Amino acid sequence: MIKIAIPTGRLQNKSIEFLRKFDSRLPSYENERKLIFRGERFEIFLAKPWDLPLYVEERVADLGIVGRDIILEQEKELVTLKKLPFGYCKMVLAGFPEKDLEKEEVRIATKYPNIAKKFLEDRFNKVKIFKLNGSVELGPILKISDEIVDLMETGRTLKENGLIVKEVLFDSSACLISNISSFIWSKKGILKLLEEMEGLEC
Amino acid sequence: MEREIVESQVRRILELYGYREIRTPVLTEDIWATDNKSSFLKKEGKNFSLRPEITSEILKNIRFEGIPIRVFYMGPIFDFKDEVEEKFQIGWELIFPPSRWRDIEIILTIKDVFDTFNLEDFKLELNDIRVWNSVWSCIENSEEIKKLKGYLKKRDYVSFLEEMTGKVPSSLQKDIKNMLFYEEDAKFESEEISFQLEELKSLKKELIEFGFREDSIILNPSFFRSFGYYDGIIFELYVKDMKGPLGGGGSYIESNKFGEKVYGVGFAFIEEKILDFLKEGKPLEKKKFFIVPSDFYASVYNLMKEERENGFNSVFIPFDKNLDIEKLKKEGEVIFWRDKNDKDSNPHRTSSE
């Protein structure tokens, strides 16, 4: 039985739906309070998206499904195996159209300080990063920051706040991750599942 | 006590292979001073720090003159990444130009050392970084190669494949995917990749002939290690239920302080990582307690000597009916010697558990 952690929130139903293609005995998720359920092949448990990589890294689960944004932000010791065909969005640098990016110091508001640092540190003479936990668009509106780095799904929130995308840093989607130990000890089973997933996409 | 036993077991095995212990200064010139926080002393324009690892210091000072050099080391190393952390590293190096026997010997020493710790359920992840040579040769920009290797080290295969798109001929793309998710029966279009992987498979075959279980060696061409000096095989040792590898190493090429190239292969592990696993296991030492009436010391001396020659610690304990035998059994094998029905004055072995 492969233990898989899936995230609560926007990827939850899509993850279960996707995994049912490989384990038809997996129940459809009806009882929202139940955190662990089993099929024939998988044992699933639900975790908060930002906690999920830790559960996988610590071998509570063999595999996990989580957004690429979280994987790149946290840099846990994991194997990032595969992009999955759902949860598409983009990590963008955004701000007011009139703001000039050629400044000495650029102030960035973001939920993703490591990603902002990694992608933007070399671009500007000085980058000052403000870590916010939500409503990042408020950064430029309240003049806390010049720009924001955030995940964009449709772009509606940016538009409604008068912000535009200045650069796409990377495309994100749900990804399948594994802890290194499971990838070593259960490699055959994991490779078989990957092959089945590949076959489904073809 | 476990620490001392681990260290003495490693010493015993390695010395039998002809390795000798080498000590290097804990305070070293900090050649990494530009990007870590470990330097705390500056003198005559040089930065000094507590060593973050030991191999570099050895390679800097070693000179190869035709005869294989075998050295091992044990000592504290310091990690300054998040908070200051002291760890105890044990490792060994075999200095000799690249050759199959050299690589096999180092892997056999690893097996012998960890067999004595009763760590039978381990897996050795094995690669030869040369399997990627034909891929890197398609990419001109060395910074891009560095970035791609970085993704492999982090095992981020999604970013790796994304970054690789358009950089190599489409004929290589399938081979690359097969290397990331490698199965030993996979077929490769590139002759060079096929050749390197066949070499790796034949190394595995030889190791099995030397006593490795087939499922204990995992060939993984997508496995990379952090140090830039590797030039051939690399490996990491995994123990079931342990987070991350127990230790690792590989074949390398490095320059010494005399400007000469030093070729070698080495392995190192952090002692703290293994200690928890040893607490619950069988006795660590190959120890035999000979419980014998004190008058018969001379009679069992030769037998104990023989056992010592076989690598067992043979310990004489004068018989006493109040001895705590159960305590001794936890530490090793207990062998009783008594008179034969009090008729024969020669002692004889009565039980061995």
# chains A, B, ... in the order shown; residues from 1 in each chain; ligands from 1

$ interface_residues --of "chain A" --to "chain B" --cutoff "6 Å" --atoms "only C-alpha atoms" --output "MDAnalysis selection string"
chainID A and resid 79:82

$ write_last_selection --atoms "C-alpha atoms" --output "PDB file, in the first residue's frame"
ATOM      1  CA  VAL A  79      12.335  13.951  -4.947  1.00  0.00           C
ATOM      2  CA  THR A  80      10.186  16.088  -7.253  1.00  0.00           C
ATOM      3  CA  LEU A  81       9.024  13.394  -9.635  1.00  0.00           C
ATOM      4  CA  LYS A  82       6.447  14.755 -11.995  1.00  0.00           C
TER       5      LYS A  82
END

$ residues_around --residues "Glu93 in chain B" --least-positions-apart "2" --cutoff "6 Å" --atoms "only C-alpha atoms" --output "PyMOL selection string"
chain B and resi 70-71+265-266

$ write_last_selection --atoms "N, CA, C and O atoms" --output "short mmCIF file (atom, residue, chain, number, x, y, z; two decimals), in the first residue's frame"
data_model
loop_
_atom_site.label_atom_id
_atom_site.label_comp_id
_atom_site.auth_asym_id
_atom_site.auth_seq_id
_atom_site.Cartn_x
_atom_site.Cartn_y
_atom_site.Cartn_z
N ARG B 70 46.26 4.40 1.66
CA ARG B 70 44.98 4.15 2.34
C ARG B 70 44.99 4.86 3.69
O ARG B 70 45.82 4.54 4.54
N VAL B 71 44.07 5.81 3.84
CA VAL B 71 44.02 6.54 5.11
C VAL B 71 42.58 6.62 5.62
O VAL B 71 41.64 6.60 4.83
N VAL B 265 39.35 7.61 -4.14
CA VAL B 265 37.94 7.29 -3.90
C VAL B 265 37.77 7.23 -2.39
O VAL B 265 38.67 6.79 -1.67
N GLY B 266 36.65 7.74 -1.90
CA GLY B 266 36.49 7.80 -0.46
C GLY B 266 35.04 7.65 -0.03
O GLY B 266 34.12 7.68 -0.86
#

$ residues_around --residues "Glu65 in chain B" --least-positions-apart "5" --cutoff "12 Å" --atoms "only C-alpha atoms" --output "PyMOL selection string"
chain B and resi 95-97+260-263

$ write_last_selection --atoms "N, CA, C and O atoms" --output "CSV table (one decimal), in the first residue's frame"
chain,number,residue,atom,x,y,z
B,95,ILE,N,43.8,6.4,-2.2
B,95,ILE,CA,44.4,7.3,-3.2
B,95,ILE,C,45.1,6.4,-4.2
B,95,ILE,O,46.1,5.7,-3.9
B,96,PHE,N,44.6,6.5,-5.4
B,96,PHE,CA,45.1,5.7,-6.5
B,96,PHE,C,44.4,6.1,-7.8
B,96,PHE,O,43.2,6.5,-7.7
B,97,PRO,N,45.0,6.1,-9.0
B,97,PRO,CA,44.3,6.5,-10.2
B,97,PRO,C,43.1,5.6,-10.5
B,97,PRO,O,43.1,4.5,-10.0
B,260,GLU,N,49.9,19.1,-7.8
B,260,GLU,CA,49.8,17.8,-8.4
B,260,GLU,C,48.3,17.3,-8.3
B,260,GLU,O,47.6,17.6,-7.4
B,261,LYS,N,48.0,16.5,-9.4
B,261,LYS,CA,46.6,15.9,-9.3
B,261,LYS,C,46.6,14.7,-8.4
B,261,LYS,O,47.5,13.9,-8.4
B,262,VAL,N,45.5,14.7,-7.6
B,262,VAL,CA,45.4,13.5,-6.7
B,262,VAL,C,44.1,12.8,-7.0
B,262,VAL,O,43.0,13.4,-7.1
B,263,TYR,N,44.2,11.5,-7.4
B,263,TYR,CA,43.1,10.7,-7.7
B,263,TYR,C,42.8,9.8,-6.5
B,263,TYR,O,43.7,9.2,-5.9

$ residues_around --residues "Val60 in chain A" --least-positions-apart "3" --cutoff "9 Å" --atoms "only C-alpha atoms" --output "MDAnalysis selection string"
chainID A and resid 3:5 54:57

$ select_by_dssp --residues "range 93-271 of chain B" --states "alpha helix (DSSP H)" --output "MDAnalysis selection string"
chainID B and resid 100:116 133:136 142:153 157:164 170:180 191:209 271

$ atom_distance --atom1 "CA of Leu14 in chain B" --atom2 "CA of Val113 in chain B"
8.0 Å

$ residues_around --residues "range 249-255 of chain B" --least-positions-apart "2" --cutoff "7 Å" --atoms "only C-alpha atoms" --output "number ranges by chain"
B: 59-60, 229-236, 257, 259-268

$ write_last_selection --atoms "N, CA and C atoms" --output "compact mmCIF listing (two decimals), in the first residue's frame"
# COMPACT_ATOMS: atom_id res chain seq x y z
N LEU B 59 43.42 15.76 1.15
CA LEU B 59 43.84 15.77 -0.26
C LEU B 59 44.84 16.87 -0.54
N LYS B 60 44.70 17.97 0.18
CA LYS B 60 45.61 19.10 -0.02
C LYS B 60 47.05 18.69 0.31
N TYR B 229 34.21 17.77 -7.09
CA TYR B 229 35.44 17.08 -7.48
C TYR B 229 35.23 15.64 -7.94
N TYR B 230 34.01 15.16 -7.95
CA TYR B 230 33.78 13.77 -8.37
C TYR B 230 34.04 13.59 -9.86
N ASP B 231 34.64 12.46 -10.21
CA ASP B 231 34.97 12.23 -11.62
C ASP B 231 34.55 10.83 -12.11
N GLY B 232 33.91 10.04 -11.27
CA GLY B 232 33.54 8.68 -11.68
C GLY B 232 32.37 8.19 -10.87
N ILE B 233 32.56 7.04 -10.21
CA ILE B 233 31.42 6.51 -9.44
C ILE B 233 31.16 7.38 -8.20
N ILE B 234 29.88 7.43 -7.84
CA ILE B 234 29.47 8.07 -6.59
C ILE B 234 28.45 7.14 -5.93
N PHE B 235 28.33 7.21 -4.62
CA PHE B 235 27.42 6.29 -3.95
C PHE B 235 26.96 6.87 -2.61
N GLU B 236 25.78 6.44 -2.19
CA GLU B 236 25.29 6.80 -0.86
C GLU B 236 24.67 5.56 -0.25
N LYS B 257 48.46 20.71 -2.56
CA LYS B 257 49.09 22.04 -2.43
C LYS B 257 50.40 22.14 -3.22
N GLY B 259 50.44 21.34 -6.34
CA GLY B 259 49.98 21.52 -7.72
C GLY B 259 49.86 20.20 -8.47
N GLU B 260 49.90 19.08 -7.76
CA GLU B 260 49.78 17.78 -8.43
C GLU B 260 48.33 17.28 -8.35
N LYS B 261 47.95 16.50 -9.35
CA LYS B 261 46.61 15.91 -9.34
C LYS B 261 46.59 14.73 -8.38
N VAL B 262 45.54 14.66 -7.58
CA VAL B 262 45.38 13.52 -6.66
C VAL B 262 44.09 12.80 -7.04
N TYR B 263 44.24 11.53 -7.38
CA TYR B 263 43.07 10.72 -7.72
C TYR B 263 42.76 9.81 -6.54
N GLY B 264 41.49 9.64 -6.26
CA GLY B 264 41.16 8.74 -5.16
C GLY B 264 39.69 8.42 -5.12
N VAL B 265 39.35 7.61 -4.14
CA VAL B 265 37.94 7.29 -3.90
C VAL B 265 37.77 7.23 -2.39
N GLY B 266 36.65 7.74 -1.90
CA GLY B 266 36.49 7.80 -0.46
C GLY B 266 35.04 7.65 -0.03
N PHE B 267 34.88 7.49 1.27
CA PHE B 267 33.55 7.34 1.85
C PHE B 267 33.57 8.00 3.22
N ALA B 268 32.48 8.63 3.60
CA ALA B 268 32.40 9.22 4.95
C ALA B 268 30.99 9.13 5.47

$ closest_residue --among "B:Glu306, B:Phe277, B:Asp185, B:Leu246" --to "Asn118 in chain B" --atoms "only C-alpha atoms"
B:Phe277

$ closest_residue --among "B:Phe223, B:Glu4, B:Thr109, B:Glu199" --to "Phe183 in chain A" --atoms "only C-alpha atoms"
B:Phe223

$ residues_around --residues "Leu200 in chain A" --least-positions-apart "5" --cutoff "12 Å" --atoms "only C-alpha atoms" --output "PyMOL selection string"
chain A and resi 18-19+21-22+84-85+193-195

$ select_by_dssp --residues "range 133-177 of chain A" --states "strand (DSSP E)" --output "ChimeraX atom specification"
/A:147-152,164-172,174-177

$ residues_around --residues "Lys287 in chain B" --least-positions-apart "6" --cutoff "8 Å" --atoms "only C-alpha atoms" --output "list of chain:residue names"
B:Phe312, B:Asn313, B:Ser314, B:Val315, B:Glu331, B:Gly332, B:Glu333

$ atom_distance --atom1 "CA of Lys90 in chain A" --atom2 "CA of Val168 in chain A"
6.5 Å

$ closest_residue --among "A:Ser186, A:Asn179, A:Ser145, A:Asn114" --to "Arg59 in chain A" --atoms "only C-alpha atoms"
A:Asn179

$ atom_distance --atom1 "CA of Phe64 in chain B" --atom2 "CA of Leu94 in chain B"
10.6 Å

$ closest_residue --among "A:Pro97, A:Gly39, A:Gly87, A:Pro53" --to "Ser24 in chain A" --atoms "only C-alpha atoms"
A:Gly39

$ decode --residues "range 136-151 of chain A" --atoms "all heavy atoms" --output "short mmCIF file (atom, residue, chain, number, x, y, z; two decimals), in the first residue's frame"
data_model
loop_
_atom_site.label_atom_id
_atom_site.label_comp_id
_atom_site.auth_asym_id
_atom_site.auth_seq_id
_atom_site.Cartn_x
_atom_site.Cartn_y
_atom_site.Cartn_z
N VAL A 136 -1.48 39.76 -0.79
CA VAL A 136 -0.18 40.35 -1.12
C VAL A 136 -0.36 41.62 -1.97
O VAL A 136 0.46 42.54 -1.93
CB VAL A 136 0.68 39.30 -1.86
CG1 VAL A 136 1.98 39.88 -2.34
CG2 VAL A 136 0.93 38.12 -0.96
N GLU A 137 -1.49 41.67 -2.71
CA GLU A 137 -1.75 42.83 -3.60
C GLU A 137 -1.79 44.13 -2.81
O GLU A 137 -1.58 45.21 -3.37
CB GLU A 137 -3.11 42.65 -4.32
CG GLU A 137 -3.17 41.48 -5.28
CD GLU A 137 -3.40 40.15 -4.58
OE1 GLU A 137 -3.64 40.15 -3.36
OE2 GLU A 137 -3.30 39.11 -5.24
N LEU A 138 -2.04 44.01 -1.51
CA LEU A 138 -2.08 45.22 -0.68
C LEU A 138 -0.70 45.91 -0.61
O LEU A 138 -0.62 47.10 -0.35
CB LEU A 138 -2.54 44.89 0.74
CG LEU A 138 -4.04 44.77 0.97
CD1 LEU A 138 -4.32 44.31 2.39
CD2 LEU A 138 -4.73 46.10 0.71
N GLY A 139 0.34 45.15 -0.82
CA GLY A 139 1.70 45.69 -0.74
C GLY A 139 1.88 46.98 -1.54
O GLY A 139 2.13 48.05 -0.96
N PRO A 140 1.71 46.92 -2.87
CA PRO A 140 1.87 48.15 -3.66
C PRO A 140 0.76 49.17 -3.41
O PRO A 140 1.01 50.37 -3.42
CB PRO A 140 1.79 47.65 -5.11
CG PRO A 140 1.92 46.17 -5.05
CD PRO A 140 1.52 45.73 -3.68
N ILE A 141 -0.46 48.66 -3.13
CA ILE A 141 -1.58 49.59 -2.91
C ILE A 141 -1.32 50.45 -1.68
O ILE A 141 -1.52 51.66 -1.70
CB ILE A 141 -2.92 48.80 -2.76
CG1 ILE A 141 -3.28 48.12 -4.09
CG2 ILE A 141 -4.06 49.71 -2.31
CD1 ILE A 141 -4.40 47.11 -3.99
N LEU A 142 -0.82 49.82 -0.62
CA LEU A 142 -0.54 50.57 0.61
C LEU A 142 0.89 51.10 0.65
O LEU A 142 1.37 51.56 1.68
CB LEU A 142 -0.82 49.69 1.84
CG LEU A 142 -2.26 49.18 1.98
CD1 LEU A 142 -2.40 48.29 3.21
CD2 LEU A 142 -3.24 50.35 2.08
N LYS A 143 1.58 50.97 -0.48
CA LYS A 143 2.95 51.48 -0.65
C LYS A 143 3.97 50.84 0.29
O LYS A 143 4.99 51.44 0.64
CB LYS A 143 2.98 53.01 -0.52
CG LYS A 143 2.16 53.71 -1.60
CD LYS A 143 2.39 55.19 -1.60
CE LYS A 143 1.80 55.90 -2.79
NZ LYS A 143 0.53 55.45 -3.30
N ILE A 144 3.68 49.62 0.75
CA ILE A 144 4.67 48.88 1.55
C ILE A 144 5.76 48.38 0.60
O ILE A 144 6.93 48.28 0.95
CB ILE A 144 4.01 47.67 2.26
CG1 ILE A 144 3.01 48.14 3.29
CG2 ILE A 144 5.05 46.77 2.93
CD1 ILE A 144 2.12 47.04 3.82
N SER A 145 5.33 48.04 -0.61
CA SER A 145 6.30 47.50 -1.57
C SER A 145 6.09 48.13 -2.94
O SER A 145 5.05 48.73 -3.22
CB SER A 145 6.14 45.98 -1.67
OG SER A 145 4.94 45.66 -2.35
N ASP A 146 7.11 47.95 -3.81
CA ASP A 146 6.98 48.42 -5.19
C ASP A 146 6.26 47.38 -6.04
O ASP A 146 5.46 47.70 -6.91
CB ASP A 146 8.38 48.66 -5.78
CG ASP A 146 9.18 49.65 -4.96
OD1 ASP A 146 8.66 50.75 -4.74
OD2 ASP A 146 10.30 49.30 -4.54
N GLU A 147 6.63 46.10 -5.80
CA GLU A 147 6.10 45.00 -6.62
C GLU A 147 5.65 43.87 -5.70
O GLU A 147 5.93 43.87 -4.50
CB GLU A 147 7.19 44.46 -7.56
CG GLU A 147 8.00 45.52 -8.30
CD GLU A 147 7.24 46.24 -9.38
OE1 GLU A 147 6.26 45.66 -9.90
OE2 GLU A 147 7.58 47.40 -9.69
N ILE A 148 5.03 42.87 -6.32
CA ILE A 148 4.72 41.65 -5.57
C ILE A 148 5.21 40.43 -6.35
O ILE A 148 5.37 40.50 -7.57
CB ILE A 148 3.20 41.48 -5.29
CG1 ILE A 148 2.41 41.31 -6.61
CG2 ILE A 148 2.66 42.63 -4.47
CD1 ILE A 148 0.96 40.88 -6.40
N VAL A 149 5.49 39.37 -5.63
CA VAL A 149 5.72 38.06 -6.26
C VAL A 149 4.63 37.16 -5.71
O VAL A 149 4.52 36.97 -4.50
CB VAL A 149 7.12 37.51 -5.93
CG1 VAL A 149 7.20 36.02 -6.29
CG2 VAL A 149 8.20 38.28 -6.67
N ASP A 150 3.77 36.66 -6.63
CA ASP A 150 2.65 35.85 -6.14
C ASP A 150 2.20 34.85 -7.20
O ASP A 150 2.54 34.97 -8.38
CB ASP A 150 1.49 36.77 -5.74
CG ASP A 150 0.57 36.09 -4.73
OD1 ASP A 150 0.95 35.05 -4.17
OD2 ASP A 150 -0.55 36.61 -4.52
N LEU A 151 1.42 33.91 -6.73
CA LEU A 151 0.87 32.88 -7.61
C LEU A 151 -0.37 33.44 -8.29
O LEU A 151 -1.24 34.02 -7.63
CB LEU A 151 0.49 31.67 -6.75
CG LEU A 151 0.48 30.31 -7.40
CD1 LEU A 151 1.82 29.99 -8.03
CD2 LEU A 151 0.13 29.27 -6.34
#
